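final.txt follows (compact mmCIF, C-alpha atoms):
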# COMPACT_ATOMS: atom_id res chain seq x y z
CA MET A 878 3.53 40.98 14.10
CA LEU A 879 3.86 41.66 10.40
CA SER A 880 5.12 44.95 9.14
CA ALA A 881 2.40 46.88 7.33
CA THR A 882 5.02 48.41 5.05
CA CYS A 883 5.85 45.03 3.51
CA PHE A 884 4.31 44.48 0.10
CA LEU A 885 3.84 40.73 0.54
CA ARG A 886 2.54 39.47 3.87
CA CYS A 887 1.38 36.06 5.03
CA SER A 888 -0.09 35.36 8.42
CA ARG A 889 -0.56 31.85 9.86
CA LEU A 890 -0.93 30.50 6.33
CA SER A 891 -1.70 26.77 6.16
CA ARG A 892 -2.79 24.46 3.41
CA PHE A 893 -3.96 20.88 3.85
CA PHE A 894 -4.50 18.23 1.19
CA GLY A 895 -6.65 15.78 3.10
CA ASP A 896 -4.60 14.98 6.23
CA PHE A 897 -1.36 16.12 4.66
CA ALA A 898 -0.20 19.59 5.69
CA ALA A 899 1.64 21.12 2.74
CA LEU A 900 2.01 24.44 4.59
CA ARG A 901 1.81 25.04 8.32
CA GLN A 902 1.37 28.42 9.99
CA VAL A 903 3.61 30.28 7.54
CA GLU A 904 4.49 33.85 8.56
CA LEU A 905 6.19 35.85 5.84
CA ALA A 906 6.79 39.51 5.06
CA CYS A 907 8.71 40.87 2.08
CA PRO A 908 9.32 44.62 1.61
CA ALA A 909 8.67 46.16 -1.80
CA GLY A 910 11.60 46.08 -4.22
CA THR A 911 13.37 43.09 -2.65
CA LEU A 912 14.17 39.62 -3.87
CA THR A 913 13.59 36.79 -1.43
CA ALA A 914 15.01 33.34 -2.13
CA LEU A 915 12.94 30.40 -0.97
CA TRP A 916 14.80 27.15 -0.46
CA GLY A 917 13.41 23.75 0.32
CA ALA A 918 13.49 20.12 -0.71
CA ASN A 919 10.93 18.58 -3.04
CA GLY A 920 7.57 18.50 -1.29
CA ALA A 921 8.57 21.16 1.24
CA GLY A 922 5.63 23.35 0.19
CA LYS A 923 7.34 25.94 -2.01
CA SER A 924 5.06 25.49 -5.01
CA THR A 925 1.97 25.37 -2.80
CA LEU A 926 2.96 28.69 -1.20
CA LEU A 927 3.54 30.30 -4.61
CA ARG A 928 0.22 29.00 -5.96
CA ILE A 929 -1.68 30.40 -3.00
CA LEU A 930 -0.01 33.78 -3.39
CA ALA A 931 -0.78 33.77 -7.13
CA GLY A 932 -4.46 33.05 -6.46
CA GLY A 933 -4.44 29.55 -7.95
CA LEU A 934 -5.15 27.79 -4.67
CA ARG A 935 -7.06 28.73 -1.55
CA PRO A 936 -5.34 28.50 1.84
CA SER A 937 -6.98 26.22 4.39
CA GLU A 938 -6.17 28.68 7.18
CA GLY A 939 -4.60 32.09 7.56
CA GLU A 940 -4.34 34.93 5.11
CA ALA A 941 -1.98 36.52 2.64
CA TRP A 942 -1.88 40.11 1.41
CA ILE A 943 -0.40 41.53 -1.77
CA GLY A 944 -0.24 45.25 -1.13
CA ASP A 945 -3.70 46.14 0.12
CA ALA A 946 -5.43 43.21 -1.58
CA ALA A 947 -6.08 39.77 -0.12
CA ALA A 948 -4.39 37.03 -2.15
CA GLY A 949 -6.80 35.38 -4.56
CA THR A 950 -8.90 38.46 -5.22
CA ALA A 951 -8.98 40.02 -8.69
CA ALA A 952 -7.13 43.06 -7.31
CA ALA A 953 -4.30 40.85 -6.01
CA ARG A 954 -4.14 38.81 -9.22
CA ARG A 955 -3.77 42.00 -11.22
CA GLN A 956 -0.59 42.79 -9.27
CA THR A 957 0.91 39.30 -9.36
CA GLY A 958 2.90 37.40 -11.97
CA LEU A 959 3.66 33.68 -11.64
CA LEU A 960 6.48 31.88 -13.42
CA TRP A 961 5.45 28.25 -13.08
CA HIS A 962 7.22 24.99 -13.93
CA ALA A 963 4.95 24.89 -17.00
CA SER A 964 4.82 27.92 -19.28
CA LEU A 965 1.00 28.39 -19.03
CA LEU A 966 1.10 29.13 -22.77
CA GLN A 967 -0.76 27.34 -25.57
CA PRO A 968 1.71 25.28 -27.63
CA ALA A 969 -0.26 25.65 -30.88
CA LEU A 970 -0.11 29.46 -30.77
CA THR A 971 2.87 31.71 -31.37
CA VAL A 972 4.52 33.47 -28.46
CA ALA A 973 3.10 36.81 -29.65
CA GLU A 974 -0.43 35.39 -29.94
CA ASN A 975 -0.18 33.96 -26.41
CA LEU A 976 1.09 37.22 -24.97
CA ARG A 977 -1.58 39.29 -26.74
CA PHE A 978 -4.19 36.93 -25.31
CA TYR A 979 -2.85 37.43 -21.79
CA ALA A 980 -2.74 41.19 -22.35
CA ARG A 981 -6.46 41.10 -23.16
CA LEU A 982 -7.19 39.03 -20.04
CA TYR A 983 -5.62 41.83 -18.02
CA GLY A 984 -7.47 44.52 -20.00
CA LEU A 985 -4.34 45.73 -21.81
CA SER A 986 -3.49 46.43 -25.43
CA ALA A 987 -1.19 44.41 -27.69
CA ALA A 988 1.56 46.95 -26.95
CA ALA A 989 1.86 45.44 -23.45
CA ALA A 990 2.70 42.08 -25.02
CA GLU A 991 5.40 43.61 -27.22
CA ARG A 992 6.87 45.51 -24.28
CA ALA A 993 7.04 42.34 -22.16
CA LEU A 994 8.75 40.41 -24.92
CA ALA A 995 11.30 43.20 -25.36
CA GLU A 996 11.87 43.29 -21.59
CA VAL A 997 13.15 39.71 -21.61
CA GLY A 998 15.05 40.15 -24.87
CA GLY A 999 12.73 37.80 -26.70
CA GLU A 1000 11.75 39.88 -29.75
CA LEU A 1001 12.85 37.11 -32.11
CA LEU A 1002 10.58 34.58 -30.39
CA GLY A 1003 7.33 36.41 -31.16
CA ALA A 1004 6.51 34.66 -34.43
CA ARG A 1005 7.44 31.17 -33.24
CA ARG A 1006 4.97 28.64 -31.90
CA VAL A 1007 5.44 27.76 -28.24
CA GLY A 1008 5.37 24.05 -29.04
CA GLU A 1009 8.45 24.46 -31.25
CA LEU A 1010 10.57 26.26 -28.65
CA SER A 1011 13.43 24.76 -26.66
CA GLN A 1012 13.01 24.63 -22.87
CA GLY A 1013 15.16 27.71 -22.37
CA MET A 1014 13.26 29.72 -24.98
CA ARG A 1015 9.98 28.57 -23.51
CA GLN A 1016 11.13 29.79 -20.11
CA LYS A 1017 11.89 33.18 -21.63
CA ALA A 1018 8.44 33.30 -23.25
CA ALA A 1019 6.88 32.31 -19.93
CA LEU A 1020 8.72 35.13 -18.15
CA ALA A 1021 7.40 37.55 -20.77
CA ARG A 1022 3.89 36.26 -20.01
CA CYS A 1023 4.47 37.05 -16.32
CA LEU A 1024 5.52 40.58 -17.18
CA VAL A 1025 2.72 41.47 -19.63
CA HIS A 1026 0.74 43.29 -16.94
CA ALA A 1027 3.83 44.77 -15.20
CA PRO A 1028 3.14 43.01 -11.87
CA LYS A 1029 4.36 44.47 -8.60
CA LEU A 1030 4.89 40.98 -7.19
CA LEU A 1031 6.73 38.33 -9.17
CA LEU A 1032 6.54 34.72 -7.99
CA LEU A 1033 9.12 32.43 -9.58
CA ASP A 1034 9.07 28.66 -9.26
CA GLU A 1035 12.49 27.24 -10.19
CA PRO A 1036 13.29 30.09 -12.61
CA PHE A 1037 16.78 28.79 -13.45
CA ALA A 1038 15.76 25.21 -14.20
CA SER A 1039 16.76 24.01 -17.69
CA LEU A 1040 18.66 27.21 -18.51
CA ASP A 1041 22.19 27.26 -19.92
CA SER A 1042 24.76 29.57 -18.36
CA ALA A 1043 24.16 32.40 -20.85
CA SER A 1044 20.41 32.29 -20.20
CA VAL A 1045 21.02 32.20 -16.43
CA GLY A 1046 23.04 35.43 -16.77
CA GLU A 1047 20.28 37.06 -18.83
CA LEU A 1048 17.63 36.06 -16.32
CA GLN A 1049 19.73 37.34 -13.43
CA ALA A 1050 20.12 40.68 -15.19
CA THR A 1051 16.36 40.88 -15.88
CA LEU A 1052 15.49 40.08 -12.25
CA ALA A 1053 17.99 42.62 -10.95
CA ARG A 1054 16.50 45.27 -13.25
CA LEU A 1055 12.94 44.44 -12.16
CA ARG A 1056 13.90 44.62 -8.48
CA GLU A 1057 15.57 48.00 -8.98
CA GLY A 1058 12.32 49.11 -10.63
CA GLY A 1059 10.45 48.30 -7.40
CA THR A 1060 9.13 44.81 -8.18
CA THR A 1061 8.96 42.48 -5.19
CA ILE A 1062 10.25 39.03 -6.08
CA LEU A 1063 9.81 35.72 -4.26
CA ALA A 1064 11.71 32.91 -5.99
CA SER A 1065 12.06 29.24 -5.17
CA SER A 1066 15.00 27.29 -6.51
CA HIS A 1067 17.08 24.17 -6.05
CA GLN A 1068 20.03 25.92 -7.66
CA ALA A 1069 21.48 28.06 -4.89
CA GLU A 1070 24.14 29.99 -6.77
CA PRO A 1071 22.22 31.98 -9.42
CA LEU A 1072 19.58 33.06 -6.91
CA ARG A 1073 21.83 33.61 -3.90
CA ALA A 1074 23.80 36.19 -5.87
CA LEU A 1075 20.66 38.33 -6.16
CA ALA A 1076 18.79 37.59 -2.94
CA ASP A 1077 18.20 40.23 -0.29
CA ALA A 1078 16.95 37.54 2.08
CA GLU A 1079 16.75 33.78 2.22
CA LEU A 1080 14.01 31.61 3.66
CA THR A 1081 13.80 27.86 4.00
CA LEU A 1082 10.66 25.77 3.93
CA GLU A 1083 10.89 22.41 5.59
CA ARG A 1084 7.87 20.12 5.55
CA GLY A 1085 5.56 23.10 5.25
CA ARG A 1086 7.18 25.24 7.95
CA LEU A 1087 9.47 28.20 7.50
CA SER A 1088 12.75 27.60 9.29
CA ALA A 1089 13.93 29.63 12.31
CA GLY A 1090 15.83 32.14 10.19
CA ALA A 1091 12.82 32.75 8.04
CA ALA A 1092 11.66 35.95 9.65
CA SER A 1093 14.62 38.01 8.53
CA HIS A 1094 12.34 40.53 6.79
CA ALA A 1095 9.63 40.74 9.38
CA MET B 274 -12.25 45.32 -19.49
CA PRO B 275 -15.88 44.27 -20.08
CA SER B 276 -16.57 40.58 -19.50
CA TRP B 277 -17.89 40.07 -23.04
CA ARG B 278 -14.54 41.15 -24.49
CA ILE B 279 -12.70 38.64 -22.31
CA ALA B 280 -15.18 35.94 -23.34
CA ALA B 281 -14.60 36.90 -26.99
CA ALA B 282 -10.83 36.70 -26.47
CA VAL B 283 -11.09 33.21 -24.93
CA ALA B 284 -13.41 32.01 -27.72
CA ALA B 285 -11.21 33.52 -30.45
CA ARG B 286 -8.13 31.88 -28.95
CA ASP B 287 -9.83 28.46 -28.80
CA LEU B 288 -11.11 28.73 -32.37
CA ARG B 289 -7.69 29.83 -33.61
CA ILE B 290 -6.11 26.77 -31.95
CA GLU B 291 -8.80 24.58 -33.49
CA ALA B 292 -8.30 26.11 -36.94
CA ARG B 293 -4.60 25.33 -36.60
CA THR B 294 -4.79 21.82 -35.15
CA ARG B 295 -8.31 20.67 -36.25
CA GLU B 296 -8.13 18.18 -33.36
CA ALA B 297 -11.70 18.48 -32.11
CA LEU B 298 -13.32 19.00 -35.50
CA LEU B 299 -11.70 15.93 -37.04
CA ALA B 300 -12.43 13.72 -34.01
CA MET B 301 -16.06 14.79 -33.65
CA GLY B 302 -16.68 14.83 -37.40
CA PHE B 303 -15.25 11.36 -37.87
CA TYR B 304 -17.34 9.99 -35.01
CA ALA B 305 -20.59 11.64 -36.09
CA VAL B 306 -20.24 10.65 -39.76
CA LEU B 307 -19.38 7.09 -38.76
CA VAL B 308 -22.56 6.82 -36.65
CA MET B 309 -24.62 8.22 -39.51
CA VAL B 310 -23.18 5.88 -42.11
CA ILE B 311 -23.54 2.75 -39.96
CA PHE B 312 -27.18 3.55 -39.14
CA SER B 313 -27.87 4.31 -42.79
CA PHE B 314 -26.89 0.72 -43.62
CA ALA B 315 -29.50 -0.51 -41.11
CA PHE B 316 -32.21 1.87 -42.38
CA ALA B 317 -31.46 1.02 -46.02
CA GLY B 318 -33.15 4.20 -47.25
CA ASP B 319 -36.53 3.31 -45.71
CA ALA B 320 -38.16 6.73 -45.21
CA SER B 321 -40.80 5.30 -42.86
CA LEU B 322 -38.06 4.28 -40.40
CA THR B 323 -36.58 7.79 -40.61
CA GLY B 324 -39.98 9.16 -39.66
CA LEU B 325 -40.02 6.88 -36.61
CA ALA B 326 -36.45 7.18 -35.31
CA GLY B 327 -34.61 9.84 -37.32
CA GLY B 328 -34.67 12.45 -34.54
CA GLY B 329 -33.04 10.11 -32.06
CA LEU B 330 -30.43 9.05 -34.55
CA LEU B 331 -29.41 12.59 -35.42
CA TRP B 332 -29.04 13.51 -31.76
CA VAL B 333 -27.06 10.38 -30.87
CA ALA B 334 -24.44 11.52 -33.37
CA LEU B 335 -24.54 15.17 -32.20
CA LEU B 336 -24.51 14.34 -28.49
CA PHE B 337 -21.41 12.18 -28.67
CA ALA B 338 -19.72 14.60 -31.04
CA ALA B 339 -20.39 17.32 -28.45
CA LEU B 340 -18.72 15.20 -25.75
CA VAL B 341 -15.65 14.84 -27.95
CA ALA B 342 -15.55 18.61 -28.61
CA LEU B 343 -15.89 19.50 -24.92
CA ASP B 344 -13.26 17.00 -23.85
CA ARG B 345 -10.81 18.41 -26.42
CA SER B 346 -11.62 21.97 -25.41
CA PHE B 347 -10.51 21.33 -21.83
CA SER B 348 -7.80 18.75 -22.39
CA ARG B 349 -5.87 21.28 -24.48
CA GLU B 350 -5.86 23.51 -21.40
CA ALA B 351 -3.87 20.81 -19.59
CA ALA B 352 -0.98 21.26 -22.02
CA GLU B 353 1.55 23.59 -20.37
CA SER B 354 -1.03 24.13 -17.59
CA SER B 355 -2.64 26.96 -19.53
CA TRP B 356 -5.85 26.53 -17.52
CA THR B 357 -3.89 27.70 -14.47
CA GLY B 358 -2.90 30.77 -16.47
CA LEU B 359 -6.57 31.62 -16.98
CA LEU B 360 -7.43 31.04 -13.33
CA ILE B 361 -4.67 33.23 -11.90
CA SER B 362 -5.63 36.11 -14.16
CA PRO B 363 -8.11 38.72 -12.88
CA ALA B 364 -10.56 37.78 -15.67
CA PRO B 365 -14.06 37.10 -14.30
CA ARG B 366 -14.69 33.35 -14.14
CA VAL B 367 -18.03 33.72 -15.85
CA ALA B 368 -16.31 35.39 -18.81
CA VAL B 369 -13.79 32.55 -19.10
CA LEU B 370 -16.58 29.96 -19.06
CA ALA B 371 -18.64 32.02 -21.54
CA GLY B 372 -15.67 32.04 -23.92
CA LYS B 373 -15.20 28.29 -23.62
CA PHE B 374 -18.95 27.84 -24.19
CA ALA B 375 -18.92 30.08 -27.28
CA SER B 376 -16.06 28.20 -28.95
CA SER B 377 -17.73 24.81 -28.32
CA PHE B 378 -21.07 26.17 -29.58
CA VAL B 379 -19.48 27.45 -32.82
CA LEU B 380 -17.71 24.12 -33.35
CA LEU B 381 -20.97 22.21 -32.87
CA LEU B 382 -22.78 24.49 -35.33
CA GLY B 383 -20.00 23.94 -37.87
CA LEU B 384 -20.38 20.19 -37.51
CA GLU B 385 -24.16 20.39 -37.79
CA ALA B 386 -23.91 22.39 -41.01
CA LEU B 387 -22.32 19.27 -42.46
CA LEU B 388 -24.26 16.64 -40.55
CA VAL B 389 -27.87 17.73 -41.07
CA PRO B 390 -27.67 17.69 -44.91
CA LEU B 391 -25.82 14.37 -44.69
CA PHE B 392 -28.62 13.04 -42.49
CA ALA B 393 -31.25 14.20 -45.01
CA VAL B 394 -29.48 12.44 -47.86
CA LEU B 395 -28.49 9.18 -46.12
CA PHE B 396 -31.87 8.65 -44.49
CA ASN B 397 -34.03 9.80 -47.33
CA ALA B 398 -35.66 12.39 -45.06
CA PRO B 399 -38.96 13.79 -46.43
CA ARG B 400 -38.69 17.09 -48.31
CA SER B 401 -41.97 18.11 -46.71
CA ALA B 402 -40.31 18.11 -43.28
CA ASN B 403 -40.11 21.48 -41.51
CA TRP B 404 -36.38 22.10 -42.04
CA GLY B 405 -36.57 25.60 -40.58
CA GLY B 406 -37.95 24.11 -37.38
CA ILE B 407 -35.22 21.45 -37.38
CA ALA B 408 -32.59 24.19 -37.76
CA VAL B 409 -34.00 26.03 -34.73
CA THR B 410 -34.05 22.76 -32.74
CA VAL B 411 -30.44 22.06 -33.68
CA LEU B 412 -29.49 25.61 -32.63
CA LEU B 413 -31.22 25.35 -29.24
CA GLY B 414 -30.05 21.77 -28.69
CA SER B 415 -26.44 22.71 -29.40
CA TRP B 416 -26.76 25.60 -26.96
CA ALA B 417 -27.98 23.19 -24.27
CA LEU B 418 -25.15 20.71 -24.87
CA ALA B 419 -22.45 23.39 -25.08
CA ALA B 420 -23.68 25.31 -22.01
CA ASN B 421 -24.09 22.31 -19.71
CA GLY B 422 -21.09 20.59 -21.18
CA THR B 423 -18.80 23.57 -20.59
CA TYR B 424 -19.94 23.80 -17.00
CA PHE B 425 -19.33 20.12 -16.24
CA ALA B 426 -16.13 19.94 -18.28
CA ALA B 427 -14.75 22.83 -16.22
CA MET B 428 -15.86 21.08 -13.05
CA SER B 429 -14.03 17.88 -14.04
CA ALA B 430 -11.04 19.65 -15.63
CA HIS B 431 -8.63 18.55 -12.89
CA ALA B 432 -9.99 15.01 -12.51
CA ARG B 433 -7.78 12.13 -13.61
CA GLN B 434 -10.73 10.35 -15.25
CA ARG B 435 -11.99 13.52 -16.95
CA GLY B 436 -13.05 11.67 -20.12
CA LEU B 437 -15.26 9.32 -18.10
CA LEU B 438 -16.50 11.88 -15.59
CA LEU B 439 -17.81 14.36 -18.17
CA PRO B 440 -20.50 12.07 -19.68
CA LEU B 441 -21.39 10.75 -16.21
CA LEU B 442 -22.08 14.30 -15.02
CA LEU B 443 -23.50 15.74 -18.22
CA LEU B 444 -25.86 13.08 -19.52
CA PRO B 445 -28.23 12.73 -16.52
CA VAL B 446 -28.66 16.51 -16.27
CA SER B 447 -29.19 16.75 -20.03
CA ILE B 448 -31.99 14.16 -20.19
CA PRO B 449 -34.84 16.73 -20.31
CA ALA B 450 -33.01 18.67 -23.05
CA VAL B 451 -32.21 15.54 -25.04
CA LEU B 452 -35.83 14.41 -24.78
CA ALA B 453 -37.01 17.80 -26.07
CA MET B 454 -34.42 17.82 -28.89
CA VAL B 455 -35.39 14.34 -30.08
CA GLU B 456 -39.14 14.89 -29.82
CA ALA B 457 -39.02 18.30 -31.54
CA THR B 458 -36.83 16.97 -34.38
CA GLN B 459 -39.06 13.93 -34.77
CA ALA B 460 -42.17 16.11 -34.91
CA TYR B 461 -40.64 18.48 -37.47
CA LEU B 462 -39.59 15.52 -39.62
CA ALA B 463 -43.23 14.39 -39.56
CA GLY B 464 -44.39 17.89 -40.44
CA GLY B 465 -45.30 19.57 -37.13
CA GLY B 466 -47.38 18.01 -34.35
CA MET B 467 -46.08 18.78 -30.84
CA ALA B 468 -42.87 20.35 -32.11
CA ASN B 469 -43.52 23.84 -30.71
CA TYR B 470 -44.31 22.42 -27.29
CA TRP B 471 -40.96 20.58 -27.14
CA LEU B 472 -39.14 23.59 -28.53
CA ARG B 473 -40.52 25.77 -25.73
CA ILE B 474 -39.34 23.21 -23.17
CA LEU B 475 -35.89 23.25 -24.75
CA ALA B 476 -35.77 27.06 -24.74
CA GLY B 477 -36.85 27.16 -21.08
CA TYR B 478 -34.24 24.55 -20.18
CA ASN B 479 -31.56 26.66 -21.87
CA VAL B 480 -32.57 29.80 -19.98
CA ILE B 481 -32.56 28.02 -16.60
CA PHE B 482 -29.33 26.06 -17.04
CA THR B 483 -27.39 28.88 -18.71
CA ALA B 484 -28.34 31.21 -15.86
CA LEU B 485 -27.40 28.57 -13.26
CA GLY B 486 -24.04 28.00 -14.95
CA ALA B 487 -23.31 31.73 -14.94
CA MET B 488 -24.29 32.08 -11.28
CA LEU B 489 -22.16 29.12 -10.20
CA ALA B 490 -19.12 29.90 -12.39
CA ASP B 491 -17.08 31.27 -9.49
CA ALA B 492 -17.88 28.27 -7.30
CA VAL B 493 -16.93 25.80 -10.05
CA LEU B 494 -13.66 27.44 -10.96
CA GLU B 495 -12.62 28.11 -7.36
CA ALA B 496 -13.37 24.57 -6.28
CA GLU B 497 -9.73 23.59 -5.67

Let's see the structure in the file written out as structure tokens.
Amino acid sequence: MLSATCFLRCSRLSRFFGDFAALRQVELACPAGTLTALWGANGAGKSTLLRILAGGLRPSEGEAWIGDAAAGTAAARRQTGLLWHASLLQPALTVAENLRFYARLYGLSAAAAERALAEVGGELLGARRVGELSQGMRQKAALARCLVHAPKLLLLDEPFASLDSASVGELQATLARLREGGTTILASSHQAEPLRALADAELTLERGRLSAGAASHA
Amino acid sequence: MPSWRIAAAVAARDLRIEARTREALLAMGFYAVLVMVIFSFAFAGDASLTGLAGGGLLWVALLFAALVALDRSFSREAAESSWTGLLISPAPRVAVLAGKFASSFVLLLGLEALLVPLFAVLFNAPRSANWGGIAVTVLLGSWALAANGTYFAAMSAHARQRGLLLPLLLLPVSIPAVLAMVEATQAYLAGGGMANYWLRILAGYNVIFTALGAMLADAVLEAE
């Protein structure tokens, strides 16, 4: 039984690609204002789970709720930010142009883009084209994109990949600040240390199933 | 936010990228001009041949240029997975598709502004031709290609063989529109005839297929 007070809830969530089950009967509940670390080997289903929660993929079975909205609906998308392995930004445009575009998609003014960039400490990136950025800078710009609409749920796929130690520290500080502000965070990572230091709970996906200790929030 | 403003934002973004990279415009322009020049060698300035086949020739160049533009419009979304960024936003799907349509339509019109005068010069087209009618045909024909093309390009956006799939999906459905475009242009080059009849068919086709595309936008973009 899932707690109704949890901001993110999944019930019997499954996703099949043909005969292959990427996710099987996933039960998950994360209270608001917590950071949950999601571990798992390549192909365990972490990215599939995050894509379903972000509304980029439909589940084959089961359901997921973001607050009061079913995952995939416009209301749920409005509350969700996804940091993906790609930046989801247009390389030919500047960071500021990309962020202003996303602000308009969410019905917000250009001020939201500036606020998001300031939130990740990326003010100096605004005038630079995404295609010219290093991987670490691109990751920072991508995080700003996630934060343009001040989401209540932040889904992070390998957020510490390709970051140097200084950038890891900055990202940790940003995530800690967001969590204290009430944002619910679900983050997958291969790098245990940076995420474990922040995590309120840890879950493990193994071949599409959450491991026995997975229900620590529920 | 109203859907038209989101569509305008998507179109403005695409046109800004195009203004910066000129990828689609150069590729489609090069292809279309090449077709025109090669056929002009075969026609050798014979105006009677232009009267017989000029409409088809103009639309061969425009049709394949449109395929290039549509392919570029969606392949640039694959870079950094920006298409996923559009799909996980709360923006209505129909507004996203309308924006992609608008940018392709504007690009096609830009190309045609160059291509139609070039066609008139290279093929010694008669001055007595109804050029106003040809302009309306080009406008409606571009609408048909951009509307259908956007719909099918979105449908095949995730396919590995996207470049092959798009013409395979688009061309059969576009046959009635292409027939009307060619016949109307041919008739206007000859000074009238059945032009208005074909133009009405083209307009009706646009209404039906644009409405269908709008109604099915959610289904197409949620197909995964």

message: Given the point (3.0, 30.3, -7.3) in the file's coordinates, find the residues that have an atom at most 10 Å from it, counting all atoms listed in the file, and give them as a count of residues only.
response: 26

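Near Leu443 in chain B, within 9 Å and counting only C-alpha atoms, sit Leu340, Leu418, Asn421, Gly422, Tyr424, Phe425, Ala426, Leu438 and Ile448 of chain B, not including residues fewer than 5 positions from it in the same chain.
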
message: Counting all atoms listed in the file, a student should be able to say which residues of chain A come within 9 Å of chain B; what is the right answer, written as a ChimeraX atom specification?
response: /A:928,931-935,949-955,957-959,961-970,974-975,978-979,981-985

- request: Work out how far CA of Arg886 in chain A is from CA of Lys1029 in chain A, in Å to one decimal.
  value: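 Straight-line distance from CA of Lys1029 in chain A to CA of Arg886 in chain A works out to 13.6 Å.
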
message: Can you tell me which residues surround Lys1017 in chain A at a distance of at most 9 Å, considering all atoms listed in the file, apart from same-chain residues fewer than 6 positions away, and format the answer as a PyMOL selection string?
response: chain A and resi 994+997-999+1002+1044+1048

Shell of 9 Å around Leu382 in chain B, all atoms listed in the file, local chain residues under 6 positions omitted, as number ranges by chain: B: 411-412, 415

task: Could you give me, as an MDAnalysis selection string, the residues that sit within 10 Å of (14.7, 26.2, -15.8) in the file's coordinates, counting all atoms listed in the file?
output: chainID A and resid 961:963 1012:1017 1034:1041 1044:1045 1066 1068

statement: Between CA of Leu331 in chain B and CA of Met467 in chain B lies a distance of 18.4 Å

task: Choose the residue, out of B:Leu413, B:Ile481, B:Leu380, B:Leu395, that has the smallest atom-to-atom separation from Leu299 in chain B; count all atoms listed in the file.
output: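 Once distances to Leu299 in chain B are computed over all atoms listed in the file, the minimum belongs to B:Leu380.
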
- prompt: Pick the closest to Ala947 in chain A from A:Cys1023, A:Ala1053, A:Leu885, A:Glu1000: which is it, counting all atoms listed in the file?
  reply: A:Leu885

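Compared by their closest atoms to Ile943 in chain A, and using all atoms listed in the file, the residues A:Leu1024, A:Ala921, A:Leu976, A:Leu1030 rank with A:Leu1030 nearest.
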
- request: Excluding Ala402 in chain B and any residue of its chain fewer than 3 positions from it, enumerate the residues within 8 Å of it, using only C-alpha atoms, and give them as a count of residues only.
  value: 6

message: Applying 8 Å and only C-alpha atoms, which residues near Ala490 in chain B remain after dropping the ones on its own chain fewer than 2 positions away? List them as a PyMOL selection string.
response: chain B and resi 366-367+370+424+486-488+492-494

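Checking A:Leu1052, A:Ala1004, A:Ala918, A:Leu890 one by one against Leu1020 in chain A, counting all atoms listed in the file, you find the shortest gap at A:Leu1052.
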
For CA of Ala457 in chain B and CA of Leu388 in chain B, the interatomic separation in Å (one decimal):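 Straight-line distance from CA of Ala457 in chain B to CA of Leu388 in chain B works out to 17.4 Å.
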